[in-house]
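J.: What follows is target.cif, made up of mmCIF, C-alpha atoms:
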```cif
data_query
loop_
_atom_site.label_atom_id
_atom_site.label_comp_id
_atom_site.auth_asym_id
_atom_site.auth_seq_id
_atom_site.Cartn_x
_atom_site.Cartn_y
_atom_site.Cartn_z
CA MET A 1 0.00 0.00 0.00
CA ALA A 2 2.73 2.45 -0.89
CA GLU A 3 0.33 4.73 -2.75
CA GLU A 4 1.72 8.20 -3.20
CA ILE A 5 -0.55 10.79 -1.62
CA LEU A 6 -0.56 14.51 -2.18
CA GLU A 7 0.13 17.01 0.58
CA LEU A 8 -2.92 18.35 2.36
CA ARG A 9 -2.72 22.15 2.21
CA LYS A 10 -6.02 23.36 3.66
CA LEU A 11 -8.63 21.98 6.01
CA GLU A 12 -11.74 24.11 6.32
CA ARG A 13 -14.14 23.16 9.11
CA ARG A 14 -17.74 23.72 8.15
CA ASP A 15 -20.95 23.05 10.11
CA ASN A 16 -21.40 19.38 9.16
CA ASP A 17 -18.29 18.53 7.22
CA MET A 18 -14.79 19.63 6.36
CA GLU A 19 -13.39 20.63 3.00
CA LEU A 20 -9.92 19.34 2.24
CA THR A 21 -7.72 20.99 -0.38
CA TYR A 22 -4.60 19.20 -1.63
CA GLU A 23 -1.45 20.61 -3.17
CA ASP A 24 -2.76 20.18 -6.74
CA GLY A 25 -5.80 22.30 -5.89
CA THR A 26 -8.30 19.42 -5.84
CA SER A 27 -10.89 19.63 -3.05
CA PHE A 28 -12.85 16.95 -1.26
CA VAL A 29 -15.58 16.98 1.37
CA VAL A 30 -15.59 14.58 4.30
CA THR A 31 -18.56 14.66 6.66
CA TYR A 32 -17.96 14.62 10.39
CA ASP A 33 -20.10 11.47 10.58
CA ASP A 34 -17.80 9.67 8.11
CA LEU A 35 -14.78 10.99 9.97
CA ARG A 36 -15.98 9.84 13.38
CA HIS A 37 -17.14 6.48 12.07
CA ALA A 38 -13.61 5.94 10.75
CA CYS A 39 -11.99 6.88 14.07
CA PRO A 40 -8.73 4.93 14.31
CA CYS A 41 -8.64 4.82 18.12
CA ALA A 42 -8.45 1.50 19.95
CA LYS A 43 -12.04 1.78 21.16
CA CYS A 44 -13.75 2.62 17.88
CA SER A 45 -11.63 0.51 15.53
CA PRO A 46 -12.72 -2.93 16.84
CA LEU A 47 -16.35 -1.83 16.45
CA ARG A 48 -15.86 -1.77 12.68
CA ASN A 49 -14.75 -5.39 12.59
CA GLU A 50 -18.33 -6.66 12.30
CA ASP A 51 -21.08 -5.18 10.16
CA GLU A 52 -23.70 -5.00 12.90
CA MET A 53 -21.36 -3.32 15.37
CA SER A 54 -20.12 -1.01 12.65
CA MET A 55 -23.71 0.04 11.89
CA GLN A 56 -24.29 0.61 15.59
CA LEU A 57 -21.16 2.80 15.71
CA ARG A 58 -22.49 4.70 12.72
CA ARG A 59 -25.83 5.28 14.47
CA THR A 60 -23.98 6.44 17.58
CA VAL A 61 -21.85 8.99 15.76
CA GLU A 62 -24.83 10.25 13.74
CA ALA A 63 -26.65 10.93 17.00
CA TYR A 64 -23.87 13.21 18.25
CA PRO A 65 -24.55 16.95 18.14
CA LYS A 66 -23.05 18.45 14.99
CA GLN A 67 -20.31 20.80 16.12
CA LYS A 68 -17.05 21.82 14.58
CA PRO A 69 -14.16 19.94 16.19
CA MET A 70 -10.90 21.47 17.27
CA VAL A 71 -8.21 20.32 14.84
CA GLN A 72 -4.50 19.96 15.51
CA THR A 73 -1.62 18.62 13.52
CA VAL A 74 0.17 15.68 15.13
CA GLY A 75 3.85 15.95 14.38
CA ASN A 76 4.10 16.13 10.62
CA TYR A 77 2.24 12.96 9.87
CA ALA A 78 -1.31 13.16 11.15
CA ILE A 79 -4.22 15.23 12.42
CA SER A 80 -6.22 14.86 15.60
CA PHE A 81 -9.73 16.09 16.29
CA GLU A 82 -11.19 17.11 19.60
CA TRP A 83 -14.96 16.82 19.62
CA ALA A 84 -17.42 18.65 21.86
CA THR A 85 -18.33 15.26 23.34
CA GLY A 86 -14.83 15.03 24.80
CA CYS A 87 -13.45 12.43 22.39
CA SER A 88 -9.97 13.18 21.13
CA SER A 89 -8.23 9.83 20.95
CA GLY A 90 -8.14 9.20 17.21
CA ILE A 91 -4.93 10.16 15.44
CA TYR A 92 -5.69 10.27 11.72
CA ARG A 93 -2.62 9.79 9.57
CA PHE A 94 -2.70 11.84 6.37
CA GLU A 95 -3.02 8.57 4.45
CA ARG A 96 -6.26 7.87 6.33
CA ILE A 97 -7.62 11.35 5.59
CA TRP A 98 -6.67 10.80 1.93
CA ASP A 99 -8.61 7.52 1.89
CA LEU A 100 -11.65 9.16 3.45
CA ALA A 101 -11.48 12.00 0.92
CA HIS A 102 -11.33 9.50 -1.94
CA ARG A 103 -14.09 7.28 -0.51
CA ASN A 104 -11.65 4.42 0.01
CA ASP A 105 -11.99 2.08 2.96
CA PRO A 106 -9.55 3.69 5.45
CA ASP A 107 -9.10 0.32 7.17
CA ARG A 108 -8.18 -1.23 3.80
CA GLY A 109 -10.37 -4.22 4.62
CA ARG A 110 -8.17 -5.22 7.53
CA PRO A 111 -9.89 -6.16 10.78
CA TYR A 112 -8.56 -4.39 13.84
CA VAL A 113 -6.42 -6.51 16.10
CA HIS A 114 -5.44 -4.78 19.32
CA GLY A 115 -1.84 -3.67 19.22
CA ALA A 116 -1.34 -4.74 15.62
CA TRP A 117 -1.49 -1.31 13.96
CA MET B 118 2.21 12.49 37.72
CA SER B 119 -1.36 12.98 38.69
CA ASP B 120 -3.12 13.04 35.36
CA SER B 121 -3.38 10.31 32.83
CA PRO B 122 -1.78 10.86 29.42
CA VAL B 123 -4.67 8.93 27.90
CA SER B 124 -7.70 11.03 27.05
CA MET B 125 -11.08 9.65 28.04
CA HIS B 126 -13.05 8.25 25.17
CA THR B 127 -16.10 6.05 25.68
CA PRO B 128 -18.45 5.95 22.72
CA GLY B 129 -21.20 4.31 24.77
CA ASN B 130 -21.04 6.98 27.43
CA GLU B 131 -21.45 10.12 25.38
CA PRO B 132 -23.52 12.91 27.00
CA THR B 133 -27.28 12.51 26.65
CA ASP B 134 -30.19 14.90 27.01
CA GLU B 135 -31.02 13.49 30.41
CA ALA B 136 -30.34 15.75 33.39
CA PRO B 137 -26.97 14.79 34.82
CA ASN B 138 -26.72 13.54 38.37
CA ALA B 139 -24.35 15.29 40.73
CA ALA B 140 -20.81 14.14 40.02
CA ASP B 141 -19.44 11.61 42.48
CA PRO B 142 -15.80 11.98 43.59
CA ALA B 143 -14.55 9.60 40.92
CA GLN B 144 -16.38 11.51 38.18
CA GLN B 145 -15.15 14.78 39.60
CA LYS B 146 -11.58 13.50 39.50
CA GLN B 147 -12.12 12.40 35.90
CA MET B 148 -13.45 15.84 35.03
CA GLU B 149 -10.48 17.50 36.70
CA GLN B 150 -8.12 15.23 34.77
CA ALA B 151 -9.92 15.99 31.52
CA TYR B 152 -9.69 19.72 32.27
CA ALA B 153 -5.97 19.48 33.03
CA GLN B 154 -5.47 17.46 29.85
CA MET B 155 -7.38 20.05 27.80
CA LYS B 156 -5.33 22.89 29.31
CA ARG B 157 -2.16 21.00 28.50
CA LYS B 158 -3.23 20.43 24.90
CA MET B 159 -3.96 24.13 24.46
CA SER B 160 -0.58 24.91 25.97
CA MET B 161 1.12 22.48 23.57
CA ALA B 162 -0.55 24.23 20.64
CA GLU B 163 0.69 27.56 21.98
CA ILE B 164 4.21 26.18 22.32
CA GLY B 165 3.98 25.21 18.68
CA ARG B 166 3.45 28.86 17.84
CA LYS B 167 5.94 30.38 20.29
CA ILE B 168 8.88 28.16 19.38
CA LYS B 169 10.09 28.76 15.86
CA HIS B 170 12.15 25.60 15.36
CA LYS B 171 11.89 22.26 17.14
CA ILE B 172 14.70 19.81 16.52
CA MET B 173 14.79 16.24 17.80
CA VAL B 174 18.22 14.69 18.44
CA LEU B 175 18.18 10.91 18.29
CA SER B 176 20.37 7.91 17.85
CA GLY B 177 19.61 4.25 17.62
CA LYS B 178 22.52 3.29 19.88
CA GLY B 179 23.49 4.64 23.28
CA GLY B 180 26.80 6.30 24.04
CA VAL B 181 27.30 7.93 20.66
CA GLY B 182 27.17 11.48 22.03
CA LYS B 183 23.58 12.61 21.59
CA SER B 184 23.66 14.86 24.65
CA THR B 185 27.02 16.26 23.57
CA VAL B 186 25.56 17.09 20.18
CA SER B 187 22.32 18.44 21.71
CA THR B 188 24.11 20.74 24.14
CA GLY B 189 26.62 21.71 21.45
CA LEU B 190 23.86 22.64 19.03
CA ALA B 191 22.10 24.63 21.73
CA VAL B 192 25.18 26.55 22.83
CA ALA B 193 26.35 27.16 19.26
CA LEU B 194 22.93 28.55 18.32
CA ALA B 195 22.89 30.67 21.49
CA GLN B 196 26.33 32.00 20.54
CA GLN B 197 24.73 33.26 17.34
CA GLY B 198 22.31 35.28 19.48
CA HIS B 199 19.32 32.96 19.25
CA LYS B 200 16.97 32.14 22.12
CA VAL B 201 17.43 28.44 22.75
CA GLY B 202 15.98 25.75 25.01
CA ILE B 203 16.91 22.13 25.61
CA LEU B 204 14.30 19.57 26.57
CA ASP B 205 16.06 16.54 28.03
CA ILE B 206 13.57 13.74 27.44
CA ASP B 207 15.91 11.05 28.75
CA ILE B 208 13.80 10.30 31.81
CA THR B 209 15.93 7.47 33.15
CA GLY B 210 19.38 8.85 32.34
CA PRO B 211 19.19 12.65 32.21
CA ASN B 212 22.63 14.17 31.62
CA VAL B 213 21.98 17.55 30.08
CA PRO B 214 21.90 19.58 33.34
CA LYS B 215 25.35 18.33 34.34
CA MET B 216 26.74 19.01 30.90
CA MET B 217 25.29 22.52 31.02
CA GLY B 218 26.70 23.20 34.49
CA LEU B 219 23.25 23.15 36.03
CA ASP B 220 23.35 20.06 38.21
CA GLY B 221 21.88 20.54 41.64
CA ARG B 222 19.53 23.30 40.48
CA LYS B 223 15.83 23.14 41.28
CA LEU B 224 13.08 24.20 38.94
CA HIS B 225 10.96 27.19 39.76
CA VAL B 226 7.18 26.65 39.68
CA GLU B 227 4.86 29.63 39.54
CA GLY B 228 1.16 29.74 38.76
CA GLY B 229 1.13 26.05 37.97
CA ARG B 230 3.81 26.51 35.29
CA ILE B 231 7.33 25.11 35.42
CA HIS B 232 10.06 27.61 34.65
CA PRO B 233 13.20 26.12 33.07
CA ALA B 234 16.66 26.50 34.58
CA GLN B 235 18.93 28.78 32.58
CA GLY B 236 22.50 27.88 31.68
CA HIS B 237 25.32 29.44 29.67
CA LEU B 238 24.14 32.20 27.29
CA GLY B 239 20.63 31.93 28.72
CA VAL B 240 19.96 28.46 27.29
CA LYS B 241 16.83 27.18 29.03
CA VAL B 242 16.93 23.60 30.24
CA ILE B 243 14.24 21.19 31.40
CA SER B 244 15.26 17.75 32.57
CA MET B 245 14.13 14.96 34.83
CA ALA B 246 17.41 15.45 36.67
CA PHE B 247 16.01 18.62 38.24
CA LEU B 248 13.25 16.61 39.88
CA LEU B 249 15.43 13.94 41.45
CA GLU B 250 16.27 14.31 45.13
CA ASP B 251 19.45 12.33 44.67
CA GLU B 252 21.26 11.93 41.35
CA ASP B 253 21.98 8.29 42.18
CA THR B 254 18.27 7.50 42.46
CA PRO B 255 17.04 5.58 39.43
CA VAL B 256 13.74 6.50 37.82
CA VAL B 257 11.84 3.25 37.51
CA TRP B 258 8.69 4.08 35.58
CA ARG B 259 6.57 2.09 33.22
CA GLY B 260 5.63 3.55 29.84
CA PRO B 261 2.37 5.37 30.66
CA ILE B 262 3.91 7.26 33.59
CA LYS B 263 6.87 8.23 31.44
CA LEU B 264 4.50 9.48 28.76
CA GLY B 265 2.63 11.58 31.32
CA ALA B 266 5.89 13.12 32.48
CA ILE B 267 6.93 13.90 28.91
CA GLN B 268 3.59 15.54 28.16
CA GLN B 269 3.96 17.56 31.34
CA PHE B 270 7.46 18.62 30.28
CA ILE B 271 6.03 19.82 27.01
CA GLY B 272 2.69 21.25 28.09
CA ASP B 273 3.36 22.64 31.56
CA VAL B 274 6.70 24.35 30.96
CA GLU B 275 6.88 28.10 30.49
CA TRP B 276 9.39 28.22 27.65
CA GLY B 277 8.45 31.71 26.50
CA GLU B 278 9.45 32.73 22.98
CA LEU B 279 12.25 30.55 21.60
CA ASP B 280 14.05 30.45 18.27
CA TYR B 281 15.13 26.85 18.77
CA LEU B 282 14.10 24.00 21.05
CA ILE B 283 16.55 21.09 20.99
CA ILE B 284 15.00 17.86 22.25
CA ASP B 285 17.47 15.28 23.52
CA PHE B 286 16.16 11.70 23.60
CA PRO B 287 17.29 8.44 25.13
CA PRO B 288 18.69 5.98 22.61
CA GLY B 289 16.33 3.96 20.50
CA THR B 290 13.02 4.44 18.78
CA SER B 291 10.49 3.77 21.51
CA ASP B 292 7.89 5.72 23.49
CA GLU B 293 9.72 8.97 24.00
CA PRO B 294 10.21 10.22 20.44
CA LEU B 295 6.81 8.84 19.51
CA THR B 296 5.14 10.80 22.32
CA VAL B 297 6.94 14.01 21.42
CA ALA B 298 6.15 13.61 17.72
CA GLN B 299 2.49 13.14 18.64
CA SER B 300 2.38 16.01 21.13
CA LEU B 301 4.36 18.82 19.55
CA PRO B 302 3.01 20.28 16.35
CA ASP B 303 5.30 21.15 13.44
CA ILE B 304 8.56 19.54 14.42
CA ASP B 305 11.20 20.69 11.98
CA GLY B 306 13.10 17.45 11.92
CA MET B 307 15.47 14.97 13.47
CA VAL B 308 19.22 15.05 13.75
CA ILE B 309 20.55 11.49 13.88
CA VAL B 310 23.81 11.05 15.79
CA THR B 311 26.01 8.08 15.07
CA THR B 312 29.58 6.90 15.41
CA PRO B 313 31.37 5.24 12.51
CA GLN B 314 31.14 1.72 13.98
CA ASP B 315 28.88 -0.81 12.28
CA VAL B 316 26.60 -1.38 15.29
CA ALA B 317 25.87 2.33 15.66
CA LEU B 318 25.33 2.70 11.93
CA LEU B 319 22.91 -0.20 11.89
CA ASP B 320 20.89 1.43 14.67
CA SER B 321 21.01 4.85 13.08
CA ARG B 322 19.42 3.35 9.96
CA LYS B 323 16.51 2.32 12.19
CA SER B 324 16.24 5.90 13.43
CA ILE B 325 16.06 7.18 9.86
CA SER B 326 13.29 4.68 9.03
CA PHE B 327 11.53 5.66 12.25
CA ALA B 328 11.59 9.33 11.22
CA SER B 329 10.12 8.34 7.90
CA SER B 330 7.25 6.45 9.54
CA LEU B 331 6.47 9.51 11.69
CA LYS B 332 6.72 11.80 8.67
CA VAL B 333 9.27 13.87 10.55
CA PRO B 334 11.98 15.04 8.15
CA VAL B 335 15.53 13.92 8.81
CA LEU B 336 17.63 17.07 8.92
CA GLY B 337 20.69 14.90 8.63
CA VAL B 338 23.25 12.59 10.17
CA VAL B 339 26.09 13.74 12.43
CA GLU B 340 29.05 11.44 12.78
CA ASN B 341 30.55 11.80 16.25
CA MET B 342 33.89 10.41 17.48
CA SER B 343 35.01 10.59 13.90
CA GLY B 344 38.76 10.68 14.33
CA TYR B 345 41.34 11.41 17.02
CA THR B 346 44.09 13.77 16.00
CA ILE B 347 47.51 13.28 17.54
CA HIS B 348 49.76 16.32 17.62
CA GLY B 349 53.50 15.91 18.13
CA LYS B 350 56.94 17.22 17.39
CA GLY B 351 59.91 15.68 15.60
CA THR B 352 62.89 16.66 13.50
CA PRO B 353 61.81 19.18 10.83
CA GLY B 354 61.34 17.44 7.49
CA SER B 355 61.44 13.95 9.00
CA THR B 356 58.68 11.37 8.57
CA VAL B 357 56.83 10.04 11.59
CA GLU B 358 55.03 6.72 11.51
CA ILE B 359 52.18 5.75 13.82
CA ALA B 360 50.62 2.31 14.28
CA ALA B 361 46.90 2.85 13.58
CA PRO B 362 43.87 0.61 14.17
CA ALA B 363 43.26 -2.32 11.80
CA GLY B 364 46.99 -2.95 11.44
CA ARG B 365 47.54 0.16 9.36
CA THR B 366 50.51 2.45 9.56
CA LEU B 367 49.98 6.18 9.19
CA SER B 368 52.73 8.60 8.43
CA ALA B 369 53.20 12.35 8.49
CA VAL B 370 56.03 14.69 7.63
CA CYS B 371 57.12 17.15 10.32
CA ASP B 372 56.88 20.76 9.19
CA GLU B 373 59.65 23.32 9.39
CA GLU B 374 58.98 23.79 13.09
CA GLY B 375 59.01 20.02 13.57
CA LYS B 376 55.26 19.82 14.24
CA PHE B 377 53.10 17.02 12.87
CA ASN B 378 49.58 15.79 13.32
CA ILE B 379 47.93 12.54 12.35
CA THR B 380 44.27 11.63 12.61
CA LEU B 381 43.46 8.11 13.79
CA ASP B 382 40.06 6.79 12.75
CA ILE B 383 39.47 4.87 15.96
CA PHE B 384 35.97 3.72 15.02
CA LYS B 385 36.55 3.30 11.28
CA GLU B 386 35.82 6.23 8.99
CA GLY B 387 33.10 7.71 6.81
CA GLY B 388 30.26 5.50 8.08
CA GLY B 389 28.00 8.43 8.92
CA ARG B 390 28.37 9.92 5.46
CA SER B 391 27.79 6.60 3.70
CA THR B 392 24.68 5.91 5.82
CA ALA B 393 23.34 9.36 4.96
CA GLU B 394 24.02 8.76 1.28
CA GLU B 395 22.43 5.31 1.42
CA PHE B 396 19.18 6.77 2.80
CA GLY B 397 19.28 9.95 0.76
CA VAL B 398 19.43 12.25 3.80
CA PRO B 399 21.91 15.09 4.33
CA PHE B 400 25.26 14.51 6.02
CA LEU B 401 25.61 17.35 8.50
CA GLY B 402 29.24 16.84 9.40
CA ALA B 403 31.75 14.91 11.47
CA LEU B 404 32.82 15.77 15.00
CA PRO B 405 36.29 14.75 16.12
CA PHE B 406 37.03 12.33 18.92
CA ASP B 407 37.97 14.93 21.49
CA PRO B 408 38.68 14.13 25.15
CA GLY B 409 37.76 17.77 25.77
CA PHE B 410 34.11 16.82 25.24
CA VAL B 411 34.36 14.40 28.16
CA ARG B 412 36.04 16.94 30.43
CA GLY B 413 33.61 19.65 29.34
CA GLY B 414 30.66 17.38 30.00
CA ASP B 415 31.90 16.58 33.48
CA ASP B 416 32.76 20.17 34.29
CA GLY B 417 29.58 21.65 32.82
CA VAL B 418 31.45 23.81 30.32
CA HIS B 419 30.97 22.66 26.75
CA ARG B 420 34.07 22.22 24.63
CA ILE B 421 32.91 24.86 22.17
CA VAL B 422 32.71 27.34 25.05
CA SER B 423 36.02 26.47 26.66
CA GLU B 424 37.91 26.40 23.34
CA PRO B 425 35.86 28.43 20.87
CA ASP B 426 38.59 28.43 18.21
CA GLY B 427 39.47 24.74 18.56
CA ALA B 428 38.96 22.01 15.98
CA SER B 429 35.85 20.74 17.79
CA ALA B 430 34.21 24.16 17.85
CA ILE B 431 34.96 24.60 14.14
CA ALA B 432 33.47 21.17 13.39
CA PHE B 433 30.40 22.02 15.45
CA ALA B 434 29.97 25.32 13.62
CA LYS B 435 29.85 23.39 10.34
CA VAL B 436 27.19 21.05 11.72
CA VAL B 437 25.11 23.97 12.97
CA SER B 438 25.43 25.72 9.64
CA SER B 439 24.29 22.54 7.85
CA VAL B 440 21.31 22.21 10.19
CA GLN B 441 20.35 25.82 9.59
CA SER B 442 20.56 25.44 5.84
CA GLN B 443 18.30 22.39 6.10
CA LEU B 444 15.84 24.38 8.17
CA ALA B 445 15.96 27.21 5.66
CA GLN B 446 14.79 24.80 2.98
CA GLY B 447 11.61 24.52 5.04
CA SER B 448 10.44 20.94 4.77
CA GLY B 449 7.74 21.29 7.40
CA SER B 450 4.03 20.84 6.92
CA SER B 451 2.15 23.88 5.65
CA LEU B 452 -1.38 22.80 6.49
CA GLU B 453 -3.80 25.69 6.95
CA ILE B 454 -6.64 24.87 9.34
CA ILE B 455 -9.64 27.17 9.17
#
```
What would you get if you wrote out this structure as structure tokens?
T.:
Amino acid sequence: MAEEILELRKLERRDNDMELTYEDGTSFVVTYDDLRHACPCAKCSPLRNEDEMSMQLRRTVEAYPKQKPMVQTVGNYAISFEWATGCSSGIYRFERIWDLAHRNDPDRGRPYVHGAW
Amino acid sequence: MSDSPVSMHTPGNEPTDEAPNAADPAQQKQMEQAYAQMKRKMSMAEIGRKIKHKIMVLSGKGGVGKSTVSTGLAVALAQQGHKVGILDIDITGPNVPKMMGLDGRKLHVEGGRIHPAQGHLGVKVISMAFLLEDEDTPVVWRGPIKLGAIQQFIGDVEWGELDYLIIDFPPGTSDEPLTVAQSLPDIDGMVIVTTPQDVALLDSRKSISFASSLKVPVLGVVENMSGYTIHGKGTPGSTVEIAAPAGRTLSAVCDEEGKFNITLDIFKEGGGRSTAEEFGVPFLGALPFDPGFVRGGDDGVHRIVSEPDGASAIAFAKVVSSVQSQLAQGSGSSLEII
């Protein structure tokens, strides 16, 4: 999976989603629901291993109040989001954001095994 | 450390519309921890803005001179008039205060913020060594406690405005650099310190790969203990022969005053440069094997301070210049968040 990704230049937080602009000027929209459903933290990730649990996670995140998160870069390799609900554990590598922007499965079809990522 | 470095995250326990019950002591403690964690995160973001350049100094192997390079970089940059800080992340073996002549100092805490000790040329220093009652006491902490301490060192320290923050790590590629890379925004890059021996080079390759996985640019490789220069005197015009490592014989011709010098490559030669070339990262320079570094470290006066015109200071100046030219190329992330 050594796909070359472009550099993310701009992240604009909007009411329900964020607009991502890459170095070549292309823009993508990722909803906060999609973002939170794809949370890579150790609590959310295992919930995507099974369809039913994944749908339940989806329903949970869709029920959250829609508020802009606080966004921070993590080193030079990722972004983290702090939500009004207090969640801030997920560290989204730029590759993961790229996958979400391009509607790819950010887990790449791999089930989560604790400690394996 | 009172607060957990792990933020609370329980998808099943998100706030609901129901009226909350009064918080019990455990919940109150959790809320206090969450508040402290939030304050720390905001402080870390502020540090990101107040400190212009953040440089990590790593090596795969121990004993290659990371702290010597860290303190040397800091002092050399301070000599240029920059505001500099050193964050000694080596929790279990903190040496920077001693090398900066600050051993025995205590940190000043005011308004819940830790104020760094200040050494030569105003270089600010934070280290675990300042918190130990006795320098012989080992710090025996498991990972999560160490991580909490590191986050506290980053988030609760009043660095003020700095041009450069040099972060000195313990050897290896474990929790410490990972935590810093995750906590501090916009790190400029890593300086990898190695010696020319195969074991150190092997480990420094791991450090370069580690930097790549964290998307932290490698500013370059510094080869320490590169060669030991012997100075002597003989008959003018005569040839002097020295038995060198690996069964080699080195020779030099005495000048008109009878002086000669020969450099012995005690730990082989050129390994740092070849490793840098192999991985396509810059070679920042070679520092000589200089017993003055050892004396300076023990006495708390860096070699480049005690002998500013010496060969070691000149070599250090080249390394600093290479680091600065790498920084000038600006390889950091330029993400705009609106």
J.: Mind telling me what the PyMOL selection byres ((chain A) within 10 of (chain B)) catches here, as a PyMOL selection string?
T.: chain A and resi 7-14+18-23+41-44+57+60-61+63-65+70-80+82+84-91+93-94
J.: Running the PyMOL selection byres ((chain B and resi 407) around 9) on this model by hand, what would come out? Give it as a VMD selection string.
T.: chain B and resid 342 344 to 346 404 to 406 408 to 411 420 429
J.: If we count all atoms listed in the file and set the cut-off at 12 Å, which residues sit around B:Ser326, ignoring sequence neighbours fewer than 3 positions away in its own chain? Please answer as a list in words.
T.: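 So the residues in contact are Ser176, Gly177, Gly289, Thr290, Met307, Ile309, Leu319, Asp320, Ser321, Arg322, Lys323, Ser329, Ser330, Leu331, Lys332, Val333, Pro334, Val335, Thr392, Ala393, Glu395, Phe396, Gly397 and Val398 of chain B.
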J.: Which residue is closest to B:Asp382? Choose from B:Asn341, B:Gln235, B:Ser184, B:Ser355 and count only C-alpha atoms.
T.: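 Looking only at the distances to B:Asp382, the closest residue turns out to be B:Asn341.
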J.: Quick one: distance from atom CA of B:His348 to atom CA of B:Ser391 in Å, one decimal?
T.: 27.8 Å
J.: Around the point (15.5, 11.7, 29.2) (coordinates from the file), which residues reach within 9 Å if we count all atoms listed in the file? Answer as JSON, numbers by chain.
T.: {"B": [204, 205, 206, 207, 208, 209, 210, 211, 212, 213, 244, 245, 246, 267, 285, 286, 287, 293]}
J.: Could you tell me, as number ranges by chain, exactly which residues end up selected when the PyMOL selection byres ((chain B and resi 431) around 12) is applied to this structure?
T.: B: 189, 193, 402-405, 420-422, 424-430, 432-438
J.: Quick check, in Å to one decimal: how far apart do atom CA of B:Ala445 and atom CA of B:His419 lie?
T.: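 Atom-to-atom, atom CA of B:Ala445 and atom CA of B:His419 are spaced 26.3 Å apart.
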J.: Mind giving me the straight-line distance from atom CA of B:Glu163 to atom CA of A:Cys39 in Å, one decimal?
T.: 25.5 Å
J.: Which one is closest to A:Glu62: A:Thr31, A:Asp107, A:Asp24, A:Leu100? Count all atoms listed in the file.
T.: A:Thr31
J.: If we count all atoms listed in the file and set the cut-off at 9 Å, which residues sit around B:Ile168, ignoring sequence neighbours fewer than 3 positions away in its own chain? Please answer as a tab-separated table (two decimals) with C-alpha atoms, in the frame of the given file.
T.:
```tsv
chain	number	residue	atom	x	y	z
B	163	GLU	CA	0.69	27.56	21.98
B	164	ILE	CA	4.21	26.18	22.32
B	165	GLY	CA	3.98	25.21	18.68
B	171	LYS	CA	11.89	22.26	17.14
B	276	TRP	CA	9.39	28.22	27.65
B	277	GLY	CA	8.45	31.71	26.50
B	278	GLU	CA	9.45	32.73	22.98
B	279	LEU	CA	12.25	30.55	21.60
B	280	ASP	CA	14.05	30.45	18.27
B	281	TYR	CA	15.13	26.85	18.77
B	282	LEU	CA	14.10	24.00	21.05
```
J.: Near A:Asp15, counting all atoms listed in the file, which residues have an atom at most 9 Å away, once you skip same-chain residues fewer than 2 positions from it, shown as a compact mmCIF listing (two decimals) with C-alpha atoms, in the frame of the given file?
T.:
```txt
# COMPACT_ATOMS: atom_id res chain seq x y z
CA ARG A 13 -14.14 23.16 9.11
CA ASP A 17 -18.29 18.53 7.22
CA MET A 18 -14.79 19.63 6.36
CA TYR A 32 -17.96 14.62 10.39
CA LYS A 66 -23.05 18.45 14.99
CA GLN A 67 -20.31 20.80 16.12
CA LYS A 68 -17.05 21.82 14.58
```
J.: So that I can check the surroundings of B:Ala191, please list as an mmCIF file with C-alpha atoms, keeping the file's coordinate frame every protein, DNA and RNA residue that reaches within 7 Å of it, counting only C-alpha atoms and ignoring chain neighbours fewer than 4 positions away.
T.:
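This went into result.cif:
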```
data_model
loop_
_atom_site.group_PDB
_atom_site.id
_atom_site.type_symbol
_atom_site.label_atom_id
_atom_site.label_comp_id
_atom_site.auth_asym_id
_atom_site.auth_seq_id
_atom_site.Cartn_x
_atom_site.Cartn_y
_atom_site.Cartn_z
ATOM 1 C CA SER B 187 22.320 18.440 21.710
ATOM 2 C CA ALA B 195 22.890 30.670 21.490
ATOM 3 C CA VAL B 201 17.430 28.440 22.750
ATOM 4 C CA ILE B 203 16.910 22.130 25.610
ATOM 5 C CA ILE B 283 16.550 21.090 20.990
#
```
J.: Would it be fine to have stretch 80-87 of chain A, with N, CA and C atoms, given as an mmCIF file, in the first residue's frame?
T.:
```
data_model
loop_
_atom_site.group_PDB
_atom_site.id
_atom_site.type_symbol
_atom_site.label_atom_id
_atom_site.label_comp_id
_atom_site.auth_asym_id
_atom_site.auth_seq_id
_atom_site.Cartn_x
_atom_site.Cartn_y
_atom_site.Cartn_z
ATOM 1 N N SER A 80 -5.299 15.366 14.579
ATOM 2 C CA SER A 80 -6.220 14.862 15.604
ATOM 3 C C SER A 80 -7.381 15.834 15.736
ATOM 4 N N PHE A 81 -8.511 15.297 16.156
ATOM 5 C CA PHE A 81 -9.732 16.090 16.288
ATOM 6 C C PHE A 81 -10.201 16.015 17.726
ATOM 7 N N GLU A 82 -10.607 17.127 18.267
ATOM 8 C CA GLU A 82 -11.188 17.115 19.597
ATOM 9 C C GLU A 82 -12.639 17.531 19.472
ATOM 10 N N TRP A 83 -13.531 16.604 19.830
ATOM 11 C CA TRP A 83 -14.955 16.825 19.623
ATOM 12 C C TRP A 83 -15.588 17.389 20.892
ATOM 13 N N ALA A 84 -16.732 18.045 20.708
ATOM 14 C CA ALA A 84 -17.423 18.650 21.855
ATOM 15 C C ALA A 84 -17.834 17.588 22.870
ATOM 16 N N THR A 85 -17.959 16.339 22.419
ATOM 17 C CA THR A 85 -18.332 15.260 23.337
ATOM 18 C C THR A 85 -17.158 14.831 24.216
ATOM 19 N N GLY A 86 -15.988 15.363 23.970
ATOM 20 C CA GLY A 86 -14.835 15.028 24.797
ATOM 21 C C GLY A 86 -13.899 14.021 24.154
ATOM 22 N N CYS A 87 -14.325 13.418 23.038
ATOM 23 C CA CYS A 87 -13.452 12.432 22.386
ATOM 24 C C CYS A 87 -12.290 13.139 21.684
#
```
